[in-house]
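Here is the structure we will look at.
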Amino acid sequence: MASFIDSALTWIGSSKAGQCFADLDGKLDLLPQQTANGLMLGGVYVMVAVAFTLIIGMLNFLNFTVPALFMVGAVMMWASISGGFGSGADQVMAAIVGPGNQWILGIVVALVVVSLCSLVIERFTYRYMKARYGDATEHALPLVSSLGFLIIFEHVVITIWGSDSLTATSPFGNSSFYIASIQFSTPQVISLLVSLGFVFALSYMLRATRLGRALRSIAEKPDTAPLMGVEVGRIVPIVYVLAGLLCGIAGILFTLNYTTVDAYVGDTVATVAIAGMVIGGLGNVWGAVIGGLIVAMLQIYATHFCGAGVVKIPVWGLLLLILIFKPTGLFGHSAIGKGKF
Amino acid sequence: MTIYRRRLMTGLVGAAAIAGILGTVPAVAADEIVIGASLGRTGIYSTISKTTETSIDIAVREINAAGGINGRKIKLVKFDTAGDPKQAVVAVRKFARDDKALAVIGPFSSSEARVAFAAGEREKIVQIPNASSAPKLADRFSYAYRMTENEGLQFNRVLVTLKQKGMAIGSAAILYGTDDVVSKAVGLFIMKPLFAKNGVKLAKAPIGFETKAVDLSAQVTQLKGLKTDYIGLAGITPVAVRVLKEMRRQGITAPIIGGQIWADPEIVRQMGKDGEGAVFSAWFWYKRDDRSKEFTRKFVEENKKRGIDKPFPHHVDASAYDTVYLLKQVMEEQKITGDPAKVAEERTKIRDGLKTVVFNGVIGKICFESTGDAQLPGYVLTMKNSEWQLIGSHDSLPCKK
C-alpha cells in the first residue's frame with residue numbers, strides 16, 4: 001500500500017498536476033495576498049451576477065445585454081477621463097468639475113447612458129414581445145433579441161473608438177495600503193464596499209419597500225400581480241433600469257480600477273459572473289454574491305497554484321458538479337426561473 | 001394585367017440577375033495591373049488594419065502618380081475579411097477568379113494566413129501578409145511570402161545589443177500569454193532558452209496569463225519579493241499594457257523586456273510612465289533615414305485626414321508600404337504586362353521573382369528565405385521620457401536559398 005501511495009505521489013509530482021504542488025512553501029507564503037486579490041476581483045463579478053439574477057428572478061430569461069451594459073458603463077467612464085468624447089467635450093467637463101476631476105461627471109454620464117440603454121432594451125426585448133405575443137417571458141425571443149443588442153452595442157463602440165484596448169490613467173493612481181504584509185488597492189477596496197453596499201440596498205428594497213413587494217409579486221405570479229394592483233407595465237422597466245445601473249456601476253468601478261477596457265470586456269466578465277450566479281443559485285441575490293466571490297477565489301487560487309492554463313477547469317468544473325448534485329445552486333429554490341426573491 | 005405584371009417582374013429579375021453576374025466580373029483594362037488587398041477593416045484587427053490600408057493607399061498613389069508599373073497604373077481591389085480566416089479564403093479566391101489580380105497584399109494575421117495560404121496555392125497567386133509572424137506558416141507553400149521577422153532572431157538581437165552596450169541583464173522573470181500562439185512560443189521557447197544562452201538567471205519558472213483575463217493580480221503577486229533586472233513580457237499589446245499596470249500597482253518597478261509583439265506605437269500612450277525603461281525590438285525605425293522620415297510624415301498626415309491619430313507607423317504599416325514597392329520592383333524585373341490573357345503565367349513569374357529579389361525599402365534591406373519568410377533588419381529600442389529611443393540596430397541577414 002505504501003509503495004502504491006509512493007508511486008502515486010511520484011506520478012503526481014512528475015505530471016502536469018504536480019506543478020500545482022511545486023514550490024508549495026513559497027506558494028503558501030503568498031496565499032494571504034492572493035486571498036485579498038480574490039476578494040477584490042470578486043467585487044467585479046458580484047455586481048454583474050446580481051444583475052443577471054435580478055432579471056432571471058423577475059422575468060425568467062438570461063439577459064445577454066448585461067455584459068453590454070457593463071461595457072457601456074466602463075467605456076463611458078473611460079471616455080470621460082481620457083478625452084474619448086473629443087477635446088471640446090473634455091474641456092467643457094474640465095471647466096465644470098475642474099481638470100482631473102472628469103471622473104465625477106463620468107459617473108453621471110455612464111449612469112444616464114446605461115439607464116437610457118436599459119429602457120431601449122426593455123422596450124424591444126420585453127415590451128414589444130409582450131404586446132405581440134401576450135407573454136414575453138414564455139418565449140426565447142427576449143433572449144435572442146438581447147443577444148442582438150449585445151452585438152450591436154459592442155460594434156457601435158468598435159465603430160466609434162476602435163477594436164484596440166482603451167487605456168486610461170486612474171484619477172486615484174496606484175494608491176494602496178497594507179494590513180500586515182497584505183497589500184490592498186484603495187480603489188479596489190472602495191469598489192468592493194460599494195458593490196456590497198448596493199447589494200444590501202437592493203436586498204432591503206426587495207424585502208421591505210412597496211416597490212420590492214411589487215417586484216416580488218410579479219416574480220411570484222406575473223398574471224395575478226395586476227389583479228393586486230401592481231402596474232406591471234411600469235414595474236418591468238424599473239427592473240431593467242436597476243439591472244442596468246448595477247452593470248453600469250460595476251463598469252465604472254472596473255475602469256477606475258483596471259484602467260483598460262475594450263468593446264468585449266463585458267463578455268469576459270459576464271461569462272464568469274454567469275457561472276457565479278448559477279453556483280450561488282438562480283434568482284437569489286445573496287446567492288449571486290457568494291457565487292461571484294467563489295468563482296473569483298477559484299480563479300485566483302487556480303492561477304496561483306497551477307497556472308493560468310488550467311484556470312477555467314475549477315470554475316466550470318464546480319459549475320458542472322453543482323448542476324449535477326444541486327441544480328438549484330447553493331442557495332437557489334426548487335423552482336428554476338421565476339419567483340425566488 | 002396580372003400576367004403582364006408577372007412577366008414584367010420576371011423580366012426585371014432576370015435582367016437584374018444578368019447585370020449582377022456581369023457586375024461581379026470586372027473588366028480588367030489593358031493599361032492596369034490589378035493587386036488585391038486583404039484587409040481587416042472591421043473586427044478584432046480593425047484599428048491596426050486601418051493604418052495598413054493607409055500605407056498601401058499612399059504607396060499605390062505614389063506609384064501611379066509616377067507612371068505606374070511598366071507604364072500601367074495599379075488598380076487596387078480591397079476586401080474586408082473582418083479578421084476572419086474563412087473570409088480571408090473568400091478574399092483570395094475572389095481576387096484570383098473574379099478580379100484577375102496578379103498578387104495579394106495580406107491577409108493581415110497569422111490565423112488568416114494559416115488557411116488563406118492553402119487557398120492561394122490552389123489559385124496559384126502570391127499572398128504577402130504584413131503582420132503574420134507565427135512560426136512556420138509559409139514554408140509549405142510556394143506562393144506564400146511574409147514580410148515579417150522571426151521572433152527569436154529579434155529577441156536575441158535585444159539581448160546582444162544590451163550586452164554590447166554594457167547593459168547586460170543579470171536576472172529576469174518571464175510572464176507570457178498562454179492562449180496566444182506567438183506569445184506562448186516567445187515566452188517558453190524563445191525567451192527562456194535565450195536568457196539561459198546569454199547568462200541571464202531566471203528567478204522563477206515562466207508565469208502564464210490568459211490574454212483575455214481582466215485581472216492579472218494572481219500572476220503579478222508571484223513576482224513579489226523577486227529582485228530581477230527585467231521582467232520578460234510576451235503578450236500582445238493590450239494584455240502587455242494590463243500586466244505592466246498591475247506590476248506597477250503592486251509595487252514591482254523592474255522594467256519590461258520583450259521582442260516585437262508589443263512593439264506598437266500605441267504603447268507610448270497606453271503604458272505612459274509605467275513603460276519607462278522598457279526594451280524591445282522592431283523591424284522598422286521611423287527615424288532611420290530620410291525615406292523613413294518622409295514615409296512617416298506622409299503616413300501621419302494621411303491618417304489625420306482619415307480621422308486616425310497615430311504618432312508614427314507600426315512596423316506592420318511599414319511592411320505594407322514596402323510590399324507595394326516590392327511588388328513594383330518584382331513586376332518590373334519580370335516585365336509583367338497585366339495582360340488578362342497572361343494572368344496565370346505572370347502570377348507565377350511574380351512568385352519566382354520574389355525568390356531572388358533584393359529590395360531596399362523604408363524598412364531597410366529585404367530578401368526572402370526559401371521558406372517564404374523575409375529577412376528584415378532589427379532595431380532595438382527603449383522607452384525614455386515617453387518616447388521611443390534607438391539603442392542599437394542590426395542589418396538584415398543574408399537570405400539562404
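Letters for chains follow the order of the C-alpha cells (A, B, ...), residue numbers begin at 1 for each chain, and ligand numbers begin at 1 in the order shown.
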- Message: as a PyMOL selection string, please: the residues near segment 234-240 of chain A (cut-off 12 Å, only C-alpha atoms, same-chain neighbours under 3 positions excluded).
- Response: chain A and resi 50-59+63+65-66+69+114-127+130+136-137+146+202+206+210-219+222+225-226+229-231+243-248
Using only C-alpha atoms, what does the table of chain B residues within 10 Å of chain A look like, with each row giving the shortest atom pair and its distance in Å to one decimal, sorted by chain and ascending number, as a Markdown table?
```
| residue | atom | partner | partner_atom | distance |
| --- | --- | --- | --- | --- |
| B:Thr42 | CA | A:Ser163 | CA | 8.3 |
| B:Gly43 | CA | A:Ser163 | CA | 7.0 |
| B:Ile44 | CA | A:Ser163 | CA | 5.7 |
| B:Tyr45 | CA | A:Ser163 | CA | 6.8 |
| B:Ser46 | CA | A:Ser163 | CA | 6.0 |
| B:Thr47 | CA | A:Gly162 | CA | 5.5 |
| B:Ile48 | CA | A:Asp164 | CA | 8.1 |
| B:Lys50 | CA | A:Gly162 | CA | 9.8 |
| B:Tyr176 | CA | A:Ala308 | CA | 9.9 |
| B:Gly177 | CA | A:Ala308 | CA | 8.8 |
| B:Thr178 | CA | A:Gly309 | CA | 6.2 |
| B:Asp179 | CA | A:Gly309 | CA | 7.8 |
| B:Pro206 | CA | A:Gly307 | CA | 9.7 |
| B:Ile207 | CA | A:Gly307 | CA | 7.0 |
| B:Gly208 | CA | A:Ala308 | CA | 5.4 |
| B:Phe209 | CA | A:Ala308 | CA | 5.1 |
| B:Glu210 | CA | A:Ala308 | CA | 6.1 |
| B:Thr211 | CA | A:Ala308 | CA | 9.9 |
| B:Lys212 | CA | A:Thr268 | CA | 7.0 |
| B:Ala213 | CA | A:Thr268 | CA | 7.4 |
| B:Val214 | CA | A:Thr268 | CA | 7.4 |
| B:Asp215 | CA | A:Leu41 | CA | 7.0 |
| B:Leu216 | CA | A:Ile300 | CA | 8.9 |
| B:Ser217 | CA | A:Asn37 | CA | 6.3 |
| B:Ala218 | CA | A:Ile300 | CA | 5.6 |
| B:Gln219 | CA | A:His304 | CA | 6.8 |
| B:Val220 | CA | A:His304 | CA | 9.8 |
| B:Thr221 | CA | A:Gln34 | CA | 7.2 |
| B:Gln222 | CA | A:Leu30 | CA | 7.5 |
| B:Lys224 | CA | A:Leu30 | CA | 8.8 |
| B:Thr237 | CA | A:Ser165 | CA | 8.5 |
| B:Pro238 | CA | A:Ser165 | CA | 5.5 |
| B:Val239 | CA | A:Ser165 | CA | 8.7 |
| B:Val241 | CA | A:Thr260 | CA | 8.3 |
| B:Arg242 | CA | A:Thr260 | CA | 6.9 |
| B:Lys245 | CA | A:Tyr258 | CA | 8.2 |
| B:Glu246 | CA | A:Tyr258 | CA | 8.1 |
| B:Arg248 | CA | A:Asn174 | CA | 7.5 |
| B:Arg249 | CA | A:Asn174 | CA | 5.1 |
| B:Gln250 | CA | A:Gln183 | CA | 7.6 |
| B:Gly251 | CA | A:Asn174 | CA | 8.7 |
| B:Glu266 | CA | A:Asp164 | CA | 9.6 |
| B:Ile267 | CA | A:Thr167 | CA | 9.9 |
| B:Arg269 | CA | A:Thr167 | CA | 8.2 |
| B:Gln270 | CA | A:Thr167 | CA | 5.6 |
| B:Met271 | CA | A:Thr167 | CA | 8.4 |
| B:Gly272 | CA | A:Thr169 | CA | 8.7 |
```
- Find the residues near Phe280 of chain B: any atom within 6 Å, counting only C-alpha atoms, skip ones fewer than 5 places away on the same chain, and give them as a PyMOL selection string. chain B and resi 257-259+380-381
Write the residues of the selection above to a file with N, CA and C atoms, as an mmCIF file, in the first residue's frame.
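That gives us out.cif:
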```
data_model
loop_
_atom_site.group_PDB
_atom_site.id
_atom_site.type_symbol
_atom_site.label_atom_id
_atom_site.label_comp_id
_atom_site.auth_asym_id
_atom_site.auth_seq_id
_atom_site.Cartn_x
_atom_site.Cartn_y
_atom_site.Cartn_z
ATOM 1 N N ILE B 257 11.014 43.732 -20.715
ATOM 2 C CA ILE B 257 11.826 43.479 -21.902
ATOM 3 C C ILE B 257 11.046 42.504 -22.793
ATOM 4 N N GLY B 258 11.142 42.690 -24.085
ATOM 5 C CA GLY B 258 10.385 41.805 -24.977
ATOM 6 C C GLY B 258 10.946 41.831 -26.379
ATOM 7 N N GLY B 259 10.320 41.072 -27.252
ATOM 8 C CA GLY B 259 10.714 41.050 -28.658
ATOM 9 C C GLY B 259 9.920 42.109 -29.402
ATOM 10 N N VAL B 380 16.710 47.831 -31.982
ATOM 11 C CA VAL B 380 16.482 47.627 -30.548
ATOM 12 C C VAL B 380 16.177 48.988 -29.931
ATOM 13 N N LEU B 381 15.036 49.045 -29.279
ATOM 14 C CA LEU B 381 14.505 50.339 -28.835
ATOM 15 C C LEU B 381 14.220 50.341 -27.344
#
```
- Task: Would you list, as a list of chain:residue names, the residues of segment 78-209 of chain B that end up in strand (DSSP E or B) under DSSP run on this structure's backbone?
- Result: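 Residues meeting the strand (DSSP E or B) criterion: B:Lys78, B:Phe79, B:Asp80, B:Ala103, B:Val104, B:Ile105, B:Val126, B:Gln127, B:Ile128, B:Ala144, B:Arg146, B:Ser171, B:Ala172, B:Ala173, B:Ile174, B:Leu175, B:Tyr176, B:Gly177, B:Lys201, B:Leu202, B:Ile207, B:Gly208, B:Phe209.
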Produce a file of the selected residues containing C-alpha atoms, as a PDB file, in the first residue's frame.
```
ATOM      1  CA  LYS B  78      -9.839  45.686 -51.465  1.00  0.00           C
ATOM      2  CA  PHE B  79     -11.644  43.037 -49.429  1.00  0.00           C
ATOM      3  CA  ASP B  80     -12.608  43.323 -45.769  1.00  0.00           C
ATOM      4  CA  ALA B 103      -0.795  39.316 -56.394  1.00  0.00           C
ATOM      5  CA  VAL B 104      -2.343  39.904 -52.984  1.00  0.00           C
ATOM      6  CA  ILE B 105      -1.147  42.050 -50.092  1.00  0.00           C
ATOM      7  CA  VAL B 126       1.128  35.166 -54.368  1.00  0.00           C
ATOM      8  CA  GLN B 127      -0.021  36.438 -50.945  1.00  0.00           C
ATOM      9  CA  ILE B 128       2.192  38.614 -48.715  1.00  0.00           C
ATOM     10  CA  ALA B 144       3.270  32.327 -49.731  1.00  0.00           C
ATOM     11  CA  ARG B 146       5.689  37.002 -45.371  1.00  0.00           C
ATOM     12  CA  SER B 171      18.406  38.152 -13.765  1.00  0.00           C
ATOM     13  CA  ALA B 172      14.866  38.120 -15.117  1.00  0.00           C
ATOM     14  CA  ALA B 173      11.438  36.540 -14.763  1.00  0.00           C
ATOM     15  CA  ILE B 174       9.054  35.743 -17.618  1.00  0.00           C
ATOM     16  CA  LEU B 175       5.350  36.451 -17.977  1.00  0.00           C
ATOM     17  CA  TYR B 176       3.724  35.057 -21.114  1.00  0.00           C
ATOM     18  CA  GLY B 177       0.297  34.610 -22.714  1.00  0.00           C
ATOM     19  CA  LYS B 201      19.482  33.914 -14.369  1.00  0.00           C
ATOM     20  CA  LEU B 202      15.788  33.073 -14.408  1.00  0.00           C
ATOM     21  CA  ILE B 207       4.341  32.541 -15.302  1.00  0.00           C
ATOM     22  CA  GLY B 208       1.417  32.321 -17.702  1.00  0.00           C
ATOM     23  CA  PHE B 209      -1.609  34.561 -18.127  1.00  0.00           C
TER      24      PHE B 209
END
```
- Item | Separation of atom CA of Trp286 of chain A from atom CA of Ser203 of chain A, in Å and rounded to one decimal |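 Between these atoms lies a distance of 8.1 Å.
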- Query: Any idea what's packed within 9 Å of Phe172 of chain A, counting only C-alpha atoms, ignoring anything in its chain fewer than 4 positions away? Could you give it as a ChimeraX atom specification?
  - Reply: /A:186-187,256-257
- atom CA of Val285 of chain A and atom CA of Val194 of chain A, how far apart in Å?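 According to the coordinates, atom CA of Val194 of chain A and atom CA of Val285 of chain A are separated by 15.6 Å.
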- Query: From the set A:Tyr204, A:Tyr178, A:Phe64, A:Phe85, which residue has the shortest atom-to-atom contact distance to Phe149 of chain A, counting only C-alpha atoms?
  - Reply: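 Closest residue, counting only C-alpha atoms: A:Phe64.
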- May I ask which of the residues B:Ile169, B:Ala234, B:Leu376, B:Val160 is the closest one to Ile391 of chain B, counting only C-alpha atoms?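 Result for the nearest residue to Ile391 of chain B: B:Val160.
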- Rounded to one decimal place, report the atom CA of Pro377 of chain B-atom CA of Gly364 of chain B distance in Å.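 Distance reported for this atom pair: 6.5 Å.
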- Using only C-alpha atoms, the residue out of B:Thr253, B:Thr228, B:Ser142, B:Gln154 with shortest distance to Asp395 of chain B is B:Gln154
- Task: For Gln260 of chain B, please output as a ChimeraX atom specification all residues within 10 Å (counting only C-alpha atoms; exclusion window: fewer than 2 positions along the same chain).
- Result: /B:133,149-152,154-155,158,186,234-237,257-258,262-264,279-283,315,378-380
- Picked from segment 136-267 of chain A by DSSP as alpha helix (DSSP H), as number ranges by chain: A: 141-161, 186-208, 210-220, 232-258, 265-267
